[in-house]
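File shown: coords-v1.txt. Contents: compact mmCIF, C-alpha atoms.
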# COMPACT_ATOMS: atom_id res chain seq x y z
CA MET A 325 87.03 71.78 133.85
CA LYS A 326 88.37 68.29 134.42
CA THR A 327 89.19 66.05 131.52
CA THR A 328 86.59 63.36 130.85
CA GLN A 329 86.60 60.44 128.46
CA GLU A 330 84.62 62.49 125.93
CA THR A 331 87.44 65.06 125.63
CA PHE A 332 89.99 62.57 124.28
CA LEU A 333 90.43 63.14 120.57
CA ASP A 334 91.50 59.56 119.82
CA ASP A 335 92.76 56.35 121.41
CA THR A 336 96.43 57.26 120.98
CA GLU A 337 96.15 59.56 124.00
CA ARG A 338 95.51 56.48 126.16
CA TRP A 339 97.84 53.97 124.54
CA PRO A 340 99.78 51.84 127.05
CA VAL A 341 103.29 53.17 127.60
CA GLU A 342 104.76 50.04 126.01
CA LYS A 343 102.79 50.68 122.84
CA LEU A 344 103.90 54.32 122.78
CA ASP A 345 107.56 53.31 123.16
CA GLU A 346 107.23 50.76 120.37
CA PHE A 347 105.57 53.34 118.12
CA GLN A 348 108.34 55.88 118.73
CA TRP A 349 111.08 53.30 118.15
CA ARG A 350 109.61 52.40 114.74
CA LYS A 351 109.53 56.10 113.88
CA LEU A 352 113.14 56.57 114.99
CA GLN A 353 114.38 53.57 113.01
CA ALA A 354 112.73 54.77 109.81
CA LEU A 355 113.95 58.33 110.31
CA VAL A 356 117.59 57.40 110.97
CA LYS A 357 117.63 55.07 107.96
CA TYR A 358 116.21 57.75 105.70
CA ALA A 359 118.60 60.40 107.04
CA TYR A 360 121.65 58.22 106.50
CA LEU A 361 120.69 57.12 103.00
CA LYS A 362 119.12 60.32 101.66
CA LEU A 363 120.42 63.34 103.58
CA PRO A 364 124.10 64.28 103.06
CA PHE A 365 124.37 66.20 106.34
CA TYR A 366 123.56 63.12 108.43
CA HIS A 367 125.40 60.67 106.18
CA GLN A 368 128.63 62.63 106.64
CA LEU A 369 127.97 63.21 110.35
CA TYR A 370 127.42 59.50 111.09
CA ASP A 371 130.32 58.36 108.93
CA LYS A 372 132.61 60.78 110.74
CA ALA A 373 131.44 59.34 114.07
CA GLY A 374 131.93 55.78 112.81
CA ILE A 375 128.21 54.97 113.13
CA LYS A 376 126.51 52.55 110.73
CA LEU A 377 122.83 51.68 110.49
CA ARG A 378 123.50 48.19 111.82
CA ASP A 379 124.80 49.75 115.04
CA ILE A 380 121.35 51.14 115.95
CA LYS A 381 119.48 47.95 116.85
CA ARG A 382 117.38 49.11 119.79
CA ILE A 383 116.21 52.37 121.30
CA GLN A 384 119.10 52.37 123.80
CA ASP A 385 121.51 52.57 120.85
CA PHE A 386 119.90 55.77 119.63
CA SER A 387 121.93 57.81 122.14
CA ARG A 388 125.10 56.75 120.30
CA LEU A 389 124.23 59.10 117.45
CA PRO A 390 126.02 62.47 117.53
CA ILE A 391 124.23 65.48 118.98
CA VAL A 392 123.40 68.19 116.44
CA ARG A 393 123.83 71.77 117.64
CA LYS A 394 123.01 75.13 116.10
CA PRO A 395 126.67 75.95 115.30
CA ASP A 396 126.85 72.70 113.28
CA ILE A 397 123.89 73.80 111.19
CA MET A 398 125.19 77.35 110.75
CA GLN A 399 128.55 76.00 109.64
CA ALA A 400 126.85 73.75 107.10
CA ARG A 401 124.97 76.76 105.73
CA GLN A 402 128.16 78.76 105.43
CA SER A 403 129.85 75.88 103.64
CA SER A 404 127.02 75.52 101.13
CA ASP A 405 126.63 79.30 100.82
CA SER A 406 122.86 78.83 101.00
CA PHE A 407 120.12 77.87 103.41
CA LEU A 408 120.28 74.31 102.11
CA THR A 409 122.39 72.14 104.41
CA GLY A 410 121.62 68.60 103.26
CA MET A 411 119.08 68.20 106.09
CA GLU A 412 115.97 69.00 104.03
CA VAL A 413 113.24 66.74 102.68
CA PHE A 414 111.37 68.03 99.64
CA LYS A 415 109.06 66.54 97.08
CA GLU A 416 109.43 67.44 93.43
CA ASN A 417 107.91 70.87 92.68
CA ASP A 418 107.39 71.49 96.40
CA SER A 419 107.03 75.13 97.37
CA ALA A 420 108.73 76.30 100.54
CA THR A 421 109.01 79.27 102.84
CA LEU A 422 111.85 80.20 105.12
CA GLY A 423 110.74 80.36 108.75
CA MET A 424 112.93 82.07 111.33
CA THR A 425 113.05 81.71 115.09
CA SER A 426 113.18 84.66 117.44
CA GLY A 427 116.93 84.33 117.72
CA THR A 428 117.05 83.95 121.52
CA THR A 429 120.32 82.05 121.24
CA GLY A 430 121.17 82.74 117.63
CA THR A 431 119.08 82.86 114.47
CA ASP A 432 117.86 79.53 113.15
CA PHE A 433 115.93 78.63 110.02
CA LEU A 434 113.48 76.05 108.80
CA TYR A 435 112.17 75.42 105.33
CA CYS A 436 108.40 75.15 105.63
CA SER A 437 106.71 73.48 102.69
CA ARG A 438 102.95 73.35 102.24
CA ARG A 439 103.07 69.71 103.33
CA TRP A 440 105.02 70.71 106.44
CA ARG A 441 102.37 73.35 107.21
CA ARG A 442 99.54 70.84 106.91
CA TYR A 443 101.39 68.20 108.93
CA GLN A 444 102.51 70.49 111.77
CA GLY A 445 99.34 72.57 111.82
CA GLY A 446 97.19 69.45 111.91
CA ARG A 447 99.00 68.20 114.98
CA LEU A 448 98.93 71.61 116.61
CA LEU A 449 95.15 71.40 116.37
CA ARG A 450 95.17 68.88 119.21
CA ALA A 451 97.05 71.30 121.48
CA TYR A 452 94.60 74.13 120.87
CA TRP A 453 91.67 71.77 121.30
CA TRP A 454 93.01 70.80 124.73
CA ALA A 455 93.21 74.51 125.57
CA GLY A 456 89.54 75.03 124.70
CA LEU A 457 89.50 76.27 121.10
CA ARG A 458 86.40 75.11 119.24
CA PRO A 459 85.00 75.63 115.72
CA GLY A 460 83.32 78.97 115.21
CA MET A 461 85.11 80.77 118.04
CA SER A 462 86.84 84.11 117.52
CA MET A 463 90.58 83.72 118.05
CA MET A 464 93.21 86.42 118.49
CA LEU A 465 96.45 85.70 116.66
CA THR A 466 99.38 87.86 117.72
CA VAL A 467 102.35 86.01 116.27
CA PRO A 468 104.83 87.75 113.95
CA ALA A 469 104.66 86.96 110.25
CA TRP A 470 108.28 85.82 110.11
CA HIS A 471 107.86 83.06 112.73
CA CYS A 472 106.78 79.58 111.62
CA TRP A 473 104.14 79.66 114.36
CA ALA A 474 102.24 82.14 112.18
CA ALA A 475 102.02 79.58 109.38
CA GLU A 476 100.81 76.91 111.79
CA GLU A 477 98.20 79.10 113.46
CA SER A 478 96.79 80.38 110.17
CA TYR A 479 96.34 76.80 108.98
CA LEU A 480 94.74 75.93 112.30
CA ALA A 481 92.28 78.81 111.99
CA GLN A 482 91.29 77.68 108.50
CA ARG A 483 90.94 74.06 109.56
CA LEU A 484 88.65 74.82 112.52
CA GLY A 485 86.75 77.61 110.86
CA VAL A 486 87.50 80.10 113.61
CA VAL A 487 87.21 83.85 113.14
CA GLY A 488 90.66 85.41 113.18
CA VAL A 489 91.26 88.59 115.17
CA VAL A 490 94.58 90.22 114.26
CA PRO A 491 95.65 93.45 116.02
CA TRP A 492 98.05 96.02 114.67
CA GLY A 493 101.48 94.93 115.83
CA THR A 494 102.88 91.69 117.23
CA PHE A 495 103.71 90.44 120.71
CA LEU A 496 106.33 93.13 121.40
CA PRO A 497 105.50 94.94 124.67
CA ARG A 498 105.39 98.28 122.84
CA PHE A 499 102.26 97.05 121.03
CA ALA A 500 100.42 96.26 124.27
CA GLY A 501 98.16 99.29 123.86
CA ASN A 502 97.10 98.31 120.35
CA ILE A 503 96.42 94.74 121.38
CA LEU A 504 94.41 95.80 124.42
CA ASP A 505 92.34 98.13 122.23
CA THR A 506 91.54 95.20 119.93
CA ILE A 507 90.50 93.02 122.88
CA LEU A 508 88.25 95.79 124.23
CA ASP A 509 86.66 96.35 120.82
CA LEU A 510 86.20 92.77 119.58
CA HIS A 511 86.25 90.56 122.72
CA PRO A 512 87.91 87.48 121.19
CA GLU A 513 86.89 84.22 122.85
CA PHE A 514 90.31 82.58 122.54
CA ILE A 515 93.67 84.35 122.88
CA SER A 516 97.01 82.87 121.88
CA MET A 517 100.19 84.79 122.78
CA PHE A 518 103.60 84.74 124.40
CA LEU A 519 103.53 84.85 128.20
CA PRO A 520 105.58 88.07 128.55
CA MET A 521 103.01 89.77 126.30
CA LEU A 522 100.21 88.76 128.67
CA TYR A 523 102.08 90.45 131.51
CA ALA A 524 102.54 93.51 129.29
CA LEU A 525 98.75 93.61 128.79
CA GLN A 526 98.28 93.32 132.53
CA ALA A 527 100.57 96.31 133.02
CA GLU A 528 98.71 98.27 130.31
CA CYS A 529 95.41 97.66 132.08
CA ASN A 530 96.94 98.93 135.32
CA ARG A 531 98.17 102.08 133.56
CA ARG A 532 94.68 102.74 132.22
CA GLY A 533 92.98 101.94 135.51
CA LEU A 534 91.06 99.03 133.92
CA GLU A 535 90.00 96.00 135.92
CA LEU A 536 91.38 92.91 134.20
CA ARG A 537 88.19 90.84 134.38
CA GLN A 538 86.24 93.68 132.79
CA ALA A 539 88.81 94.23 130.03
CA PHE A 540 88.84 90.51 129.17
CA THR A 541 85.08 90.01 129.26
CA GLY A 542 84.14 87.34 126.73
CA VAL A 543 87.58 85.69 126.72
CA ARG A 544 87.04 82.02 127.49
CA CYS A 545 90.58 80.66 127.23
CA ILE A 546 94.12 82.02 127.04
CA LEU A 547 96.99 79.93 125.68
CA VAL A 548 100.50 81.17 126.51
CA VAL A 549 103.88 79.97 125.26
CA GLY A 550 107.44 81.25 125.16
CA ALA A 551 108.30 81.15 128.88
CA PRO A 552 107.78 78.72 131.77
CA LEU A 553 104.68 79.27 133.88
CA THR A 554 104.74 78.18 137.51
CA PRO A 555 101.57 76.75 139.13
CA ALA A 556 101.13 79.69 141.51
CA SER A 557 101.66 82.25 138.73
CA ARG A 558 99.02 80.53 136.60
CA GLN A 559 96.56 80.45 139.47
CA LYS A 560 97.00 84.17 140.02
CA LEU A 561 96.58 84.93 136.30
CA GLN A 562 93.38 82.87 136.19
CA GLU A 563 91.97 84.69 139.19
CA GLU A 564 92.87 88.13 137.88
CA PHE A 565 91.84 87.62 134.24
CA GLY A 566 88.78 85.55 135.14
CA THR A 567 89.48 82.86 132.56
CA ASP A 568 91.35 79.59 132.17
CA VAL A 569 95.04 79.86 131.28
CA TYR A 570 96.85 77.02 129.51
CA ALA A 571 100.56 76.78 128.82
CA GLY A 572 102.07 75.17 125.75
CA ALA A 573 105.65 74.52 124.77
CA GLY A 574 107.28 74.06 121.42
CA THR A 575 110.22 74.81 119.18
CA THR A 576 110.57 75.74 115.54
CA GLU A 577 112.40 72.44 115.05
CA GLY A 578 109.31 70.37 115.84
CA LEU A 579 108.77 69.94 119.58
CA ILE A 580 105.11 70.13 120.59
CA ALA A 581 103.96 69.76 124.20
CA MET A 582 100.79 70.92 125.89
CA GLU A 583 99.08 70.97 129.25
CA CYS A 584 95.88 69.08 129.88
CA SER A 585 93.17 70.46 132.14
CA GLU A 586 94.99 69.11 135.20
CA HIS A 587 97.80 71.67 134.65
CA ARG A 588 100.51 69.31 135.93
CA GLY A 589 103.16 69.67 133.27
CA TYR A 590 103.24 69.42 129.50
CA HIS A 591 102.21 66.24 127.72
CA LEU A 592 104.77 65.56 125.01
CA PHE A 593 103.08 64.93 121.67
CA VAL A 594 104.71 61.55 121.18
CA ASP A 595 103.32 61.15 117.68
CA THR A 596 105.34 64.18 116.53
CA CYS A 597 108.67 63.94 118.32
CA TYR A 598 111.02 62.02 120.61
CA LEU A 599 112.72 63.76 123.54
CA GLU A 600 115.85 62.87 125.49
CA VAL A 601 117.22 64.45 128.66
CA VAL A 602 121.02 64.41 128.92
CA ASN A 603 123.75 65.84 131.09
CA PRO A 604 124.71 69.24 129.59
CA THR A 605 128.40 68.56 130.27
CA ASP A 606 128.98 65.08 128.82
CA GLY A 607 125.78 64.37 126.86
CA ASN A 608 125.02 61.16 128.77
CA PRO A 609 121.36 60.33 129.57
CA VAL A 610 120.12 61.34 133.02
CA PRO A 611 117.69 59.22 135.08
CA PRO A 612 113.93 59.87 134.63
CA GLY A 613 112.80 62.80 136.76
CA GLU A 614 116.19 64.55 136.81
CA ARG A 615 116.85 67.90 135.16
CA GLY A 616 119.04 68.06 132.07
CA LEU A 617 119.47 69.34 128.53
CA LEU A 618 116.62 68.49 126.13
CA LEU A 619 117.48 66.79 122.83
CA LEU A 620 114.79 66.73 120.16
CA THR A 621 114.14 64.34 117.32
CA ALA A 622 111.17 65.44 115.20
CA PHE A 623 109.15 62.98 113.11
CA ASN A 624 107.93 65.64 110.67
CA PRO A 625 108.73 64.15 107.23
CA TYR A 626 108.84 67.51 105.44
CA GLY A 627 111.28 70.41 105.47
CA THR A 628 114.36 70.36 107.68
CA VAL A 629 115.02 67.12 109.57
CA TYR A 630 116.27 67.37 113.16
CA ILE A 631 117.75 64.28 114.85
CA ARG A 632 119.11 64.57 118.40
CA PHE A 633 119.01 68.34 118.12
CA ASP A 634 120.25 70.35 121.11
CA THR A 635 117.29 72.62 121.90
CA GLY A 636 119.28 74.64 124.42
CA ASP A 637 116.47 74.11 126.94
CA LEU A 638 116.70 72.60 130.42
CA GLY A 639 113.91 70.27 131.49
CA ARG A 640 112.97 66.86 132.78
CA ILE A 641 110.64 63.98 132.01
CA ASN A 642 108.04 63.34 134.70
CA PRO A 643 107.67 59.54 135.05
CA GLU A 644 104.50 59.75 137.16
CA PRO A 645 101.09 59.08 135.52
CA CYS A 646 98.82 62.08 134.96
CA PRO A 647 95.39 62.14 136.67
CA CYS A 648 93.81 63.10 133.34
CA GLY A 649 94.26 59.53 132.11
CA ARG A 650 96.50 60.34 129.15
CA SER A 651 99.55 58.14 128.84
CA TRP A 652 101.63 60.59 126.80
CA HIS A 653 104.85 61.39 128.64
CA ARG A 654 104.86 64.58 130.68
CA ILE A 655 107.75 67.01 130.65
CA GLU A 656 108.76 70.16 132.47
CA ILE A 657 110.74 72.89 130.72
CA TYR A 658 112.51 75.30 133.06
CA ASP A 659 114.59 77.71 131.03
CA ARG A 660 117.33 78.13 128.47
CA LEU A 661 120.68 76.59 129.37
CA ALA A 662 122.13 80.01 128.47
CA ASN A 663 120.20 81.51 131.42
CA THR A 664 121.96 79.32 133.98
CA PHE A 665 123.78 81.23 136.72
CA SER A 666 126.03 79.95 139.51
CA VAL A 667 125.88 80.75 143.20
CA GLN A 668 128.28 78.92 145.49
CA ASP A 669 128.31 75.38 144.09
CA LYS A 670 124.77 75.55 142.71
CA LYS A 671 123.69 75.99 139.10
CA LEU A 672 120.31 77.67 139.01
CA VAL A 673 117.89 79.19 136.50
CA PRO A 674 115.30 81.98 136.94
CA TYR A 675 112.55 79.35 137.28
CA ASP A 676 114.11 78.33 140.62
CA VAL A 677 113.84 81.92 141.81
CA ARG A 678 110.27 82.21 140.48
CA LEU A 679 109.20 79.26 142.63
CA CYS A 680 110.58 81.09 145.68
CA LEU A 681 108.83 84.33 144.82
CA ASP A 682 105.57 82.40 144.42
CA GLU A 683 105.74 81.59 148.12
CA ILE A 684 105.12 85.28 148.81
CA PRO A 685 101.66 86.48 147.69
CA GLU A 686 102.83 90.05 146.98
CA LEU A 687 105.53 88.74 144.58
CA THR A 688 103.61 85.97 142.79
CA GLY A 689 103.87 86.70 139.10
CA MET A 690 105.75 89.97 139.64
CA PRO A 691 108.48 90.69 137.05
CA PHE A 692 112.08 90.21 138.10
CA SER A 693 115.51 89.66 136.57
CA VAL A 694 118.60 87.86 137.79
CA ILE A 695 121.74 89.98 137.52
CA ARG A 696 124.44 87.52 136.48
CA GLN A 697 127.59 88.65 138.23
CA ILE A 698 131.06 88.76 136.76
CA ALA A 699 132.91 87.44 139.81
CA PRO A 700 131.81 84.36 141.80
CA THR A 701 129.58 85.24 144.77
CA ASP A 702 127.62 83.50 147.51
CA TYR A 703 124.36 85.36 146.87
CA ILE A 704 121.75 85.89 144.15
CA TRP A 705 121.40 89.44 142.89
CA LEU A 706 117.82 90.19 141.92
CA ALA A 707 116.22 93.21 140.29
CA LEU A 708 112.53 93.21 141.20
CA GLN A 709 109.71 95.43 140.05
CA LYS A 710 108.48 97.36 143.06
CA PRO A 711 104.96 96.27 144.13
CA LEU A 712 102.37 98.93 144.84
CA ALA A 713 101.60 99.98 148.43
CA THR A 714 103.95 97.52 150.09
CA ASN A 715 106.33 97.68 153.05
CA LEU A 716 109.53 96.87 151.12
CA ALA A 717 111.64 96.20 154.22
CA HIS A 718 109.17 93.60 155.47
CA LEU A 719 108.80 92.10 151.99
CA GLU A 720 112.55 91.89 151.49
CA ALA A 721 112.96 90.09 154.81
CA LYS A 722 110.39 87.49 153.72
CA LEU A 723 112.13 87.13 150.36
CA LYS A 724 115.52 86.50 151.95
CA GLU A 725 114.08 83.92 154.32
CA VAL A 726 112.25 81.98 151.58
CA ILE A 727 115.32 81.86 149.29
CA ARG A 728 117.53 80.84 152.19
CA GLN A 729 115.17 77.97 153.01
CA LYS A 730 114.50 76.85 149.42
CA LEU A 731 117.87 77.39 147.75
CA GLN A 732 120.24 77.65 150.75
CA VAL A 733 121.79 80.88 149.46
CA ALA A 734 121.61 84.57 150.32
CA VAL A 735 119.99 87.22 148.12
CA LYS A 736 120.60 90.86 147.29
CA ALA A 737 117.36 92.60 146.28
CA GLU A 738 117.29 95.75 144.17
CA TRP A 739 113.83 97.29 143.81
CA VAL A 740 113.11 99.18 140.59
CA GLU A 741 110.12 101.02 139.20
CA GLU A 742 110.35 99.22 135.87
CA LEU A 743 112.49 96.45 134.39
CA PRO A 744 113.97 96.66 130.87
CA VAL A 745 111.22 96.04 128.32
CA ARG A 746 112.20 93.21 126.01
CA TRP A 747 109.94 91.20 123.80
CA LYS A 748 110.50 87.94 125.70
CA GLY A 749 111.27 89.48 129.04
CA ALA A 750 114.72 89.74 130.59
CA PRO A 751 115.17 86.78 132.96
CA VAL A 752 118.94 87.20 133.11
CA ILE A 753 120.89 90.45 132.67
CA GLU A 754 124.66 90.59 132.68
CA GLU A 755 126.15 92.68 135.48
CA ALA A 756 128.07 94.98 133.12
CA GLU A 757 124.93 95.61 131.08
CA TRP A 758 122.86 96.29 134.21
CA ARG A 759 125.38 98.72 135.62
CA GLY A 760 125.53 100.47 132.26
CA ASP A 761 121.73 100.80 132.18
CA ARG A 762 121.66 102.18 135.71
CA CYS A 763 124.44 104.69 134.99
CA GLY A 764 122.81 105.73 131.72
Encoding of this model in structure tokens:
Amino acid sequence: MKTTQETFLDDTERWPVEKLDEFQWRKLQALVKYAYLKLPFYHQLYDKAGIKLRDIKRIQDFSRLPIVRKPDIMQARQSSDSFLTGMEVFKENDSATLGMTSGTTGTDFLYCSRRWRRYQGGRLLRAYWWAGLRPGMSMMLTVPAWHCWAAEESYLAQRLGVVGVVPWGTFLPRFAGNILDTILDLHPEFISMFLPMLYALQAECNRRGLELRQAFTGVRCILVVGAPLTPASRQKLQEEFGTDVYAGAGTTEGLIAMECSEHRGYHLFVDTCYLEVVNPTDGNPVPPGERGLLLLTAFNPYGTVYIRFDTGDLGRINPEPCPCGRSWHRIEIYDRLANTFSVQDKKLVPYDVRLCLDEIPELTGMPFSVIRQIAPTDYIWLALQKPLATNLAHLEAKLKEVIRQKLQVAVKAEWVEELPVRWKGAPVIEEAEWRGDRCG
């Protein structure tokens, strides 16, 4: 469906850009002042950098503040010999839980108080509303109990009065059979899960000889997170599953972004966070529309406070207006900086390869991995899951031509029956590890 005026939850979604920028600047000013005066971690960090509150007079000055990275936080935890780092906001007698990330680039933590849960879960409600969740629906929750997303989704379910459907297991591919059994038995109307898990369910249906549309009868909307979704891949998923597929993006540290019904990038939830795009090498801002490292500042006033936090993600801010009519800034998130690989003088990520594969109908949405080579080369080495009933020689010729045209590099294709099963997929595999797997 297309977004209409009646689907806007409130006027903030259509605020003029100038009003949005003013709103975010007021939030940033208050946050930096509080952090400097009340939080030892930031007071020491800014003093060490020679930054005083009077130096931050306008939003352009905000980029003068030091970037906070995961090693900085881990070092602070080691120094304090606890999970308290001097970054946390708590009220007296506040209860808290310790939420953990998946550890894609190192384990991270966040103290989640009840106030944090209400604040973050309340704002997440807007994202799920955009994706089609409505009161009274049955909703499948497949998040692990140790991830803060579980706390947010459970609050969301209570707030909307939806019926929770919880399968045995989490989003690990090895639980695909259990999750599919639950879908076949209970037919949830709304499904929320990590994108690699959706592909694992697709593979499970193929193994059982089930037609996807029949298996997902009754499912009205699917919301996926955890990996970038290209336009062509989404279109194919929607056609095969017979339902609308929305993509959301977020981090434990407070980033929330969500697609609208136009599916043209994520709208950044500007009432919850501020996002910067900088050069990964020197930390300087990049022009609007250019790809760079994403820095997050979250406005959540409870739990751990993150100011100019290095998310480790590569993305860009789309300066063009969205046809849906919302004025909230749109962003694209491509991949982890850690998944960057070099070919000739180019720095690429798996998303760049995915866009090329999407040009070939037989490879749209098909699993693949980039083998990151030890020595510099002039070609991309790809491991691709072998499609069924396909002339591989003809397909490989098309693949080489598309990548040559799009990325101006050569490609080495290695066809495999099955890629390594990992809970978030395996977009990049080191050459030594790949050779070891093949020899083993």
TODO: Please provide the set of residues having any atom within 12 Å of Arg350 in chain A, restricted to all atoms listed in the file, with same-chain residues fewer than 5 positions apart removed, written as a list of chain:residue names.
DONE: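 The contact residues come out as A:Lys343, A:Leu344, A:Asp345, A:Leu355, A:Val356, A:Lys357, A:Ile380, A:Lys381, A:Arg382, A:Ile383, A:Phe386, A:Asp595, A:Tyr598, A:Phe623.
Shortest atom-to-atom contact with Leu519 in chain A among A:Arg558, A:Arg388, A:Lys670, A:Arg498: A:Arg558, counting all atoms listed in the file.
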Task: Option closest in space to Tyr360 in chain A, from A:Leu712, A:Leu389, A:Cys472, A:Ile704 [counting all atoms listed in the file] - done: A:Leu389
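Here CA of Phe518 in chain A stands at a distance of 10.4 Å from CA of Pro552 in chain A.
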- [ ] Please indicate the distance in Å from CA of Asp379 in chain A to CA of Phe633 in chain A, rounded to one decimal place.
- [x] 19.7 Å
Closest pair table for range 496-557 of chain A residues within 10 Å of range 671-681 of chain A, all atoms listed in the file, as a Markdown table:
| residue | atom | partner | partner_atom | distance |
| --- | --- | --- | --- | --- |
| A:Ala551 | CA | A:Tyr675 | CA | 9.6 |
| A:Pro552 | CA | A:Tyr675 | CA | 7.3 |
| A:Leu553 | CA | A:Tyr675 | CA | 8.6 |
| A:Thr554 | CA | A:Leu679 | CA | 6.9 |
| A:Pro555 | CA | A:Leu679 | CA | 8.8 |
| A:Ala556 | CA | A:Leu679 | CA | 8.2 |
| A:Ser557 | CA | A:Arg678 | CA | 8.8 |
Open item on the list: So that I can check the surroundings of Met582 in chain A, please list as a ChimeraX atom specification every protein, DNA and RNA residue that reaches within 7 Å of it, counting all atoms listed in the file and ignoring chain neighbours fewer than 6 positions away.
Closed with: /A:451,571-573,590-592
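Between CA of Val548 in chain A and CA of Leu522 in chain A there is a distance of 7.9 Å.
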Task: Polymer residues at most 10 Å from (92.3, 78.5, 112.9) by only C-alpha atoms, as a list in words - done: Gly445, Leu449, Tyr452, Leu457, Arg458, Pro459, Gly460, Met461, Ser462, Met463, Met464, Leu465, Glu476, Glu477, Ser478, Tyr479, Leu480, Ala481, Gln482, Arg483, Leu484, Gly485, Val486, Val487 and Gly488 of chain A
Task: Residue nearest Leu377 in chain A - candidates A:Leu547, A:Gln538, A:Ala354, A:Arg393, atoms counted: all atoms listed in the file - done: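 Closest residue, counting all atoms listed in the file: A:Ala354.
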Open item on the list: Show me, as number ranges by chain, the residues that have an atom within 8 Å of Arg537 in chain A when counting all atoms listed in the file, minus same-chain residues fewer than 3 positions from it.
Closed with: A: 540-541, 564-566
Same residues, C-alpha atoms, output as a tab-separated table (two decimals), in the coordinates of the input:
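After the write, result-v1.tsv holds the following:
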chain	number	residue	atom	x	y	z
A	540	PHE	CA	88.84	90.51	129.17
A	541	THR	CA	85.08	90.01	129.26
A	564	GLU	CA	92.87	88.13	137.88
A	565	PHE	CA	91.84	87.62	134.24
A	566	GLY	CA	88.78	85.55	135.14
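With only C-alpha atoms taken into account, the protein and nucleic acid residues at most 7 Å from range 726-739 of chain A (excluding it and anything under 4 positions from it in its own chain) are Cys680, Asp702, Tyr703, Ile704, Trp705, Leu706, Ala707, Leu708, Gln709, Lys710 and Lys722 of chain A.
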